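Just below is one structure, and these are the notes that go with it.
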Number of protein chains: 2
Amino acid sequence: MVPPELDEGLPLERIKDFSLDELLGMAIKAEIGSREFYESLAQRADIEELKRKISWLAGEEKKHEELLRKIYAKMFPGKEVVFPEEHIGPELKPVARELQGVQDIIDLIRWAMKAEEMAAKFYAELENMVEGEDKKRLMRYLSDMEWGHYYTLKAEYELLLDWEMYSQMMHVGP
Amino acid sequence: MVPPELDEGLPLERIKDFSLDELLGMAIKAEIGSREFYESLAQRADIEELKRKISWLAGEEKKHEELLRKIYAKMFPGKEVVFPEEHIGPELKPVARELQGVQDIIDLIRWAMKAEEMAAKFYAELENMVEGEDKKRLMRYLSDMEWGHYYTLKAEYELLLDWEMYSQMMHVGP
């Protein structure tokens with residue numbers, strides 16, 4: 001079941017239906033959505049070690065947003081950022097509900113992994129679309145960072161599946 | 001050229017020549033070496049954003065060391081940790097020299113990427129060797145975390161290759 005915090009979005013191949021400014025707008029919107037998702041998840045998750053990791057992710061997404069805005073400003077000087085209604089790949093939204101135990105957290109992390117994986121692939125596609133080595137490099141940077149997030153989440157996800165061990169190994173309460 | 005901070009170590013297939021306690025000892029030693037490497041690199045690298053990322057990695061390796069010591073204590077109760085002379089894959093050592101500009105940093109990060117990649121593969125091999133779903137899960141956790149480090153480093157590496165852009169995008173001085 002897809003939770004309310006996730007909009008599945010369009011498949012990656014739809015990328016060709018949008019212009020570069022629209023795609024950058026989508027990317028900025030997605031970074032904002034991810035940051036708000038991680039911030040709200042960090043607030044609602046009651047596990048210290050996980051809170052710390054998730055807050056770190058929120059901070060990284062904030063920096064990505066700033067980086068993308070700079071790229072946009074360089075590529076489209078003076079033009080306001082366009083935020084299309086649609087977006088490619090899953091988009092994360094703030095967690096507005098009370099979480100019911102560790103299973104809810106596990107489910108949300110699984111969706112966040114999916115979103116990070118798609119974001120990594122999205123930036124890799126954008127690398128092919130932008131011109132100039134400097135812009136390609138920045139897209140590669142963002143793609144690699146999102147893969148980094150994916151594996152960080154995957155690691156926590158693996159351990160959370162065995163909650164008893166997680167609590168024991170990570171010094172956390174029941 | 002292999003820098004003084006890196007010992008290339010044995011190839012992954014030599015893993016079968018060691019017992020599990022020796023392999024865990026190697027892993028603990030490698031986590032200590034990586035932490036000291038990242039701590040010293042963070043001190044010597046004069047780029048704020050990079051310092052921050054590298055210090056974060058140092059903190060993660062410290063936690064991995066603690067986790068491995070717990071696993072060891074569970075698997076070999078009362079037994080002191082054995083640190084074999086040899087080790088599988090590259091081992092990082094503290095950076096004791098003055099770094100000469102960004103190229104030195106780029107080279108060290110490339111070697112750190114190699115070490116993280118091998119560490120990820122090493123833990124994946126250990127996953128096959130340990131018995132019990134809980135221990136396998138912990139090895140998967142460590143392997144995923146090291147992949148996370150690998151991609152975090154790869155992202156920085158990509159941008160550092162174009163130093164002019166890095167400085168401009170990351171608000172850093174010359």
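Ordered as shown in the structure tokens, chains take letters A, B, and onward, while each chain numbers its residues from 1 and ligands are numbered from 1 in the order shown.
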With chain B as the partner and 12 Å as the cut-off, tabulate the residues of chain A that qualify, each row holding the nearest pair of atoms and their distance in Å to one decimal, using only C-alpha atoms, sorted by chain and rising number, as JSON lines.
```
{"residue": "A:Glu49", "atom": "CA", "partner": "B:Lys63", "partner_atom": "CA", "distance": 10.7}
{"residue": "A:Arg52", "atom": "CA", "partner": "B:Glu60", "partner_atom": "CA", "distance": 11.7}
{"residue": "A:Lys53", "atom": "CA", "partner": "B:Glu60", "partner_atom": "CA", "distance": 10.5}
{"residue": "A:Trp56", "atom": "CA", "partner": "B:Trp56", "partner_atom": "CA", "distance": 9.9}
{"residue": "A:Leu57", "atom": "CA", "partner": "B:Thr152", "partner_atom": "CA", "distance": 12.0}
{"residue": "A:Gly59", "atom": "CA", "partner": "B:Lys53", "partner_atom": "CA", "distance": 12.0}
{"residue": "A:Glu60", "atom": "CA", "partner": "B:Lys53", "partner_atom": "CA", "distance": 10.5}
{"residue": "A:Lys63", "atom": "CA", "partner": "B:Met170", "partner_atom": "CA", "distance": 9.3}
{"residue": "A:His64", "atom": "CA", "partner": "B:Met169", "partner_atom": "CA", "distance": 10.6}
{"residue": "A:Glu66", "atom": "CA", "partner": "B:Met169", "partner_atom": "CA", "distance": 9.3}
{"residue": "A:Leu67", "atom": "CA", "partner": "B:Met169", "partner_atom": "CA", "distance": 6.8}
{"residue": "A:Leu68", "atom": "CA", "partner": "B:Met169", "partner_atom": "CA", "distance": 9.9}
{"residue": "A:Arg69", "atom": "CA", "partner": "B:Met169", "partner_atom": "CA", "distance": 10.7}
{"residue": "A:Lys70", "atom": "CA", "partner": "B:Met169", "partner_atom": "CA", "distance": 7.7}
{"residue": "A:Ile71", "atom": "CA", "partner": "B:Met169", "partner_atom": "CA", "distance": 8.8}
{"residue": "A:Lys74", "atom": "CA", "partner": "B:Met169", "partner_atom": "CA", "distance": 11.2}
{"residue": "A:Ala120", "atom": "CA", "partner": "B:Tyr151", "partner_atom": "CA", "distance": 11.0}
{"residue": "A:Glu133", "atom": "CA", "partner": "B:Asp162", "partner_atom": "CA", "distance": 9.3}
{"residue": "A:Asp134", "atom": "CA", "partner": "B:Met165", "partner_atom": "CA", "distance": 7.2}
{"residue": "A:Lys135", "atom": "CA", "partner": "B:Met165", "partner_atom": "CA", "distance": 9.6}
{"residue": "A:Lys136", "atom": "CA", "partner": "B:Glu158", "partner_atom": "CA", "distance": 10.2}
{"residue": "A:Arg137", "atom": "CA", "partner": "B:Leu159", "partner_atom": "CA", "distance": 6.5}
{"residue": "A:Leu138", "atom": "CA", "partner": "B:Leu159", "partner_atom": "CA", "distance": 7.0}
{"residue": "A:Met139", "atom": "CA", "partner": "B:Ala155", "partner_atom": "CA", "distance": 9.7}
{"residue": "A:Arg140", "atom": "CA", "partner": "B:Ala155", "partner_atom": "CA", "distance": 7.1}
{"residue": "A:Tyr141", "atom": "CA", "partner": "B:Ala155", "partner_atom": "CA", "distance": 4.5}
{"residue": "A:Leu142", "atom": "CA", "partner": "B:Ala155", "partner_atom": "CA", "distance": 7.1}
{"residue": "A:Ser143", "atom": "CA", "partner": "B:Ala155", "partner_atom": "CA", "distance": 7.9}
{"residue": "A:Asp144", "atom": "CA", "partner": "B:Ala155", "partner_atom": "CA", "distance": 5.1}
{"residue": "A:Met145", "atom": "CA", "partner": "B:Thr152", "partner_atom": "CA", "distance": 5.6}
{"residue": "A:Glu146", "atom": "CA", "partner": "B:Tyr151", "partner_atom": "CA", "distance": 8.3}
{"residue": "A:Trp147", "atom": "CA", "partner": "B:Tyr151", "partner_atom": "CA", "distance": 6.2}
{"residue": "A:Gly148", "atom": "CA", "partner": "B:Gly148", "partner_atom": "CA", "distance": 4.2}
{"residue": "A:His149", "atom": "CA", "partner": "B:Gly148", "partner_atom": "CA", "distance": 6.6}
{"residue": "A:Tyr150", "atom": "CA", "partner": "B:Gly148", "partner_atom": "CA", "distance": 7.4}
{"residue": "A:Tyr151", "atom": "CA", "partner": "B:Gly148", "partner_atom": "CA", "distance": 4.8}
{"residue": "A:Thr152", "atom": "CA", "partner": "B:Gly148", "partner_atom": "CA", "distance": 5.3}
{"residue": "A:Leu153", "atom": "CA", "partner": "B:Met145", "partner_atom": "CA", "distance": 8.7}
{"residue": "A:Lys154", "atom": "CA", "partner": "B:Asp144", "partner_atom": "CA", "distance": 6.6}
{"residue": "A:Ala155", "atom": "CA", "partner": "B:Tyr141", "partner_atom": "CA", "distance": 4.5}
{"residue": "A:Glu156", "atom": "CA", "partner": "B:Tyr141", "partner_atom": "CA", "distance": 6.9}
{"residue": "A:Tyr157", "atom": "CA", "partner": "B:Tyr141", "partner_atom": "CA", "distance": 8.5}
{"residue": "A:Glu158", "atom": "CA", "partner": "B:Tyr141", "partner_atom": "CA", "distance": 6.3}
{"residue": "A:Leu159", "atom": "CA", "partner": "B:Arg137", "partner_atom": "CA", "distance": 6.5}
{"residue": "A:Leu160", "atom": "CA", "partner": "B:Arg137", "partner_atom": "CA", "distance": 9.9}
{"residue": "A:Leu161", "atom": "CA", "partner": "B:Arg137", "partner_atom": "CA", "distance": 9.1}
{"residue": "A:Asp162", "atom": "CA", "partner": "B:Asp134", "partner_atom": "CA", "distance": 7.6}
{"residue": "A:Trp163", "atom": "CA", "partner": "B:Asp134", "partner_atom": "CA", "distance": 10.5}
{"residue": "A:Glu164", "atom": "CA", "partner": "B:Asp134", "partner_atom": "CA", "distance": 9.8}
{"residue": "A:Met165", "atom": "CA", "partner": "B:Asp134", "partner_atom": "CA", "distance": 7.2}
{"residue": "A:Tyr166", "atom": "CA", "partner": "B:Leu138", "partner_atom": "CA", "distance": 9.3}
{"residue": "A:Gln168", "atom": "CA", "partner": "B:Lys70", "partner_atom": "CA", "distance": 9.9}
{"residue": "A:Met169", "atom": "CA", "partner": "B:Leu67", "partner_atom": "CA", "distance": 6.8}
{"residue": "A:Met170", "atom": "CA", "partner": "B:Leu67", "partner_atom": "CA", "distance": 8.2}
{"residue": "A:His171", "atom": "CA", "partner": "B:Leu67", "partner_atom": "CA", "distance": 10.5}
```
May I have chain B as a short mmCIF file (atom, residue, chain, number, x, y, z; two decimals) with C-alpha atoms, in the first residue's frame, after a least-squares superposition on chain A that uses all C-alpha atoms paired in order?
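Result file is out.cif:
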```cif
data_model
loop_
_atom_site.label_atom_id
_atom_site.label_comp_id
_atom_site.auth_asym_id
_atom_site.auth_seq_id
_atom_site.Cartn_x
_atom_site.Cartn_y
_atom_site.Cartn_z
CA MET B 1 -0.03 0.00 0.01
CA VAL B 2 1.31 3.40 -0.92
CA PRO B 3 1.30 5.62 2.18
CA PRO B 4 -0.06 9.22 2.17
CA GLU B 5 3.53 10.53 2.34
CA LEU B 6 4.35 9.23 -1.12
CA ASP B 7 3.12 10.23 -4.53
CA GLU B 8 4.36 7.63 -7.00
CA GLY B 9 4.80 10.10 -9.86
CA LEU B 10 5.58 9.44 -13.49
CA PRO B 11 7.96 6.75 -14.76
CA LEU B 12 11.50 7.77 -15.65
CA GLU B 13 10.94 7.51 -19.41
CA ARG B 14 8.51 10.47 -19.24
CA ILE B 15 11.55 12.68 -18.65
CA LYS B 16 11.69 13.41 -22.40
CA ASP B 17 8.25 15.08 -22.28
CA PHE B 18 9.60 17.98 -20.20
CA SER B 19 11.95 20.85 -20.85
CA LEU B 20 15.14 21.26 -18.86
CA ASP B 21 13.79 24.16 -16.80
CA GLU B 22 10.74 22.09 -15.89
CA LEU B 23 12.93 19.14 -14.93
CA LEU B 24 15.13 21.33 -12.73
CA GLY B 25 11.94 22.75 -11.18
CA MET B 26 10.78 19.19 -10.45
CA ALA B 27 14.15 18.37 -8.93
CA ILE B 28 14.00 21.45 -6.66
CA LYS B 29 10.45 20.57 -5.62
CA ALA B 30 11.50 16.99 -4.90
CA GLU B 31 14.43 18.12 -2.73
CA ILE B 32 12.07 20.36 -0.73
CA GLY B 33 9.58 17.49 -0.38
CA SER B 34 12.30 15.09 0.77
CA ARG B 35 13.62 17.57 3.31
CA GLU B 36 10.16 18.12 4.78
CA PHE B 37 9.58 14.37 4.82
CA TYR B 38 12.83 13.66 6.66
CA GLU B 39 12.34 16.56 9.09
CA SER B 40 8.85 15.35 10.01
CA LEU B 41 9.97 11.73 10.21
CA ALA B 42 12.87 12.69 12.50
CA GLN B 43 10.39 14.48 14.77
CA ARG B 44 8.01 11.55 14.90
CA ALA B 45 10.45 8.65 15.06
CA ASP B 46 11.28 7.85 18.64
CA ILE B 47 14.67 6.21 18.07
CA GLU B 48 17.69 8.37 18.80
CA GLU B 49 20.15 6.85 16.33
CA LEU B 50 17.58 6.92 13.55
CA LYS B 51 16.53 10.51 14.33
CA ARG B 52 20.16 11.54 13.96
CA LYS B 53 20.59 9.84 10.58
CA ILE B 54 17.29 11.14 9.24
CA SER B 55 18.05 14.72 10.37
CA TRP B 56 21.37 14.46 8.59
CA LEU B 57 19.55 13.48 5.39
CA ALA B 58 17.22 16.48 5.81
CA GLY B 59 20.25 18.78 5.98
CA GLU B 60 21.73 17.23 2.85
CA GLU B 61 18.52 17.73 0.87
CA LYS B 62 18.50 21.40 1.90
CA LYS B 63 21.97 21.77 0.40
CA HIS B 64 20.90 20.02 -2.77
CA GLU B 65 18.00 22.44 -3.13
CA GLU B 66 20.40 25.39 -2.83
CA LEU B 67 22.79 23.83 -5.33
CA LEU B 68 19.98 23.22 -7.84
CA ARG B 69 18.75 26.80 -7.45
CA LYS B 70 22.25 28.02 -8.26
CA ILE B 71 22.42 25.77 -11.31
CA TYR B 72 19.00 27.00 -12.42
CA ALA B 73 20.00 30.65 -11.97
CA LYS B 74 23.09 30.05 -14.10
CA MET B 75 21.21 28.26 -16.85
CA PHE B 76 18.16 30.52 -16.89
CA PRO B 77 19.33 33.92 -15.63
CA GLY B 78 16.52 36.13 -14.35
CA LYS B 79 13.89 33.44 -14.90
CA GLU B 80 11.73 32.35 -11.98
CA VAL B 81 11.77 28.65 -11.14
CA VAL B 82 8.87 26.74 -12.72
CA PHE B 83 7.36 24.01 -10.55
CA PRO B 84 5.41 21.63 -12.80
CA GLU B 85 2.40 19.84 -11.33
CA GLU B 86 3.80 16.48 -12.40
CA HIS B 87 6.99 14.91 -11.25
CA ILE B 88 9.15 12.03 -12.35
CA GLY B 89 9.43 9.26 -9.78
CA PRO B 90 8.15 9.11 -6.21
CA GLU B 91 7.85 12.38 -4.33
CA LEU B 92 7.98 12.43 -0.56
CA LYS B 93 5.68 14.56 1.56
CA PRO B 94 5.71 15.50 5.24
CA VAL B 95 4.63 12.85 7.71
CA ALA B 96 1.53 14.42 9.27
CA ARG B 97 0.19 11.42 11.16
CA GLU B 98 1.09 9.76 14.42
CA LEU B 99 3.33 6.75 13.74
CA GLN B 100 2.24 3.42 15.21
CA GLY B 101 5.38 1.62 16.25
CA VAL B 102 8.39 0.46 14.33
CA GLN B 103 6.48 -1.14 11.43
CA ASP B 104 5.25 2.29 10.29
CA ILE B 105 8.83 3.56 10.33
CA ILE B 106 10.05 0.53 8.40
CA ASP B 107 7.41 1.12 5.70
CA LEU B 108 8.27 4.81 5.38
CA ILE B 109 11.97 4.06 5.11
CA ARG B 110 11.29 1.54 2.36
CA TRP B 111 9.45 4.23 0.40
CA ALA B 112 12.17 6.76 1.06
CA MET B 113 14.67 4.24 -0.35
CA LYS B 114 12.55 3.99 -3.47
CA ALA B 115 12.42 7.78 -3.77
CA GLU B 116 16.19 8.10 -3.32
CA GLU B 117 16.86 5.39 -5.90
CA MET B 118 14.63 7.11 -8.44
CA ALA B 119 16.19 10.48 -7.65
CA ALA B 120 19.64 8.98 -8.30
CA LYS B 121 18.45 7.67 -11.67
CA PHE B 122 16.69 10.95 -12.47
CA TYR B 123 19.90 12.94 -11.97
CA ALA B 124 21.82 10.40 -14.04
CA GLU B 125 19.32 11.03 -16.87
CA LEU B 126 19.66 14.79 -16.43
CA GLU B 127 23.42 14.35 -16.78
CA ASN B 128 22.78 13.20 -20.35
CA MET B 129 20.47 16.12 -21.06
CA VAL B 130 22.49 19.08 -19.81
CA GLU B 131 25.32 20.46 -21.88
CA GLY B 132 28.80 21.29 -20.62
CA GLU B 133 31.13 19.24 -18.45
CA ASP B 134 30.50 21.43 -15.39
CA LYS B 135 26.74 20.87 -15.38
CA LYS B 136 27.14 17.17 -16.13
CA ARG B 137 29.50 16.94 -13.19
CA LEU B 138 26.97 18.55 -10.86
CA MET B 139 24.29 16.08 -11.95
CA ARG B 140 26.74 13.23 -11.31
CA TYR B 141 27.41 14.71 -7.88
CA LEU B 142 23.69 14.78 -7.05
CA SER B 143 23.16 11.28 -8.41
CA ASP B 144 26.04 9.89 -6.31
CA MET B 145 24.79 11.69 -3.21
CA GLU B 146 21.33 10.18 -3.63
CA TRP B 147 22.90 6.72 -3.99
CA GLY B 148 24.72 7.49 -0.75
CA HIS B 149 21.37 8.26 0.89
CA TYR B 150 19.86 5.11 -0.57
CA TYR B 151 22.52 2.89 1.02
CA THR B 152 22.40 4.76 4.34
CA LEU B 153 18.64 4.13 4.46
CA LYS B 154 19.03 0.54 3.29
CA ALA B 155 21.46 -0.16 6.13
CA GLU B 156 19.04 1.16 8.77
CA TYR B 157 16.15 -0.63 7.10
CA GLU B 158 17.94 -3.97 7.31
CA LEU B 159 18.54 -3.62 11.03
CA LEU B 160 15.07 -2.23 11.82
CA LEU B 161 13.59 -5.43 10.39
CA ASP B 162 14.99 -7.13 13.48
CA TRP B 163 13.85 -4.61 16.01
CA GLU B 164 15.05 -6.56 19.04
CA MET B 165 18.57 -6.59 17.70
CA TYR B 166 18.44 -2.96 16.60
CA SER B 167 17.50 -1.84 20.10
CA GLN B 168 20.22 -3.96 21.61
CA MET B 169 22.95 -2.93 19.17
CA MET B 170 22.05 0.75 18.94
CA HIS B 171 21.51 1.33 22.67
CA VAL B 172 17.88 2.30 22.22
CA GLY B 173 14.88 1.75 24.43
CA PRO B 174 11.94 -0.54 23.57
#
```
Would you give me, as a PyMOL selection string, the residues in segment 86-124 of chain A that DSSP reads as helix (DSSP H, G or I)? chain A and resi 101-124
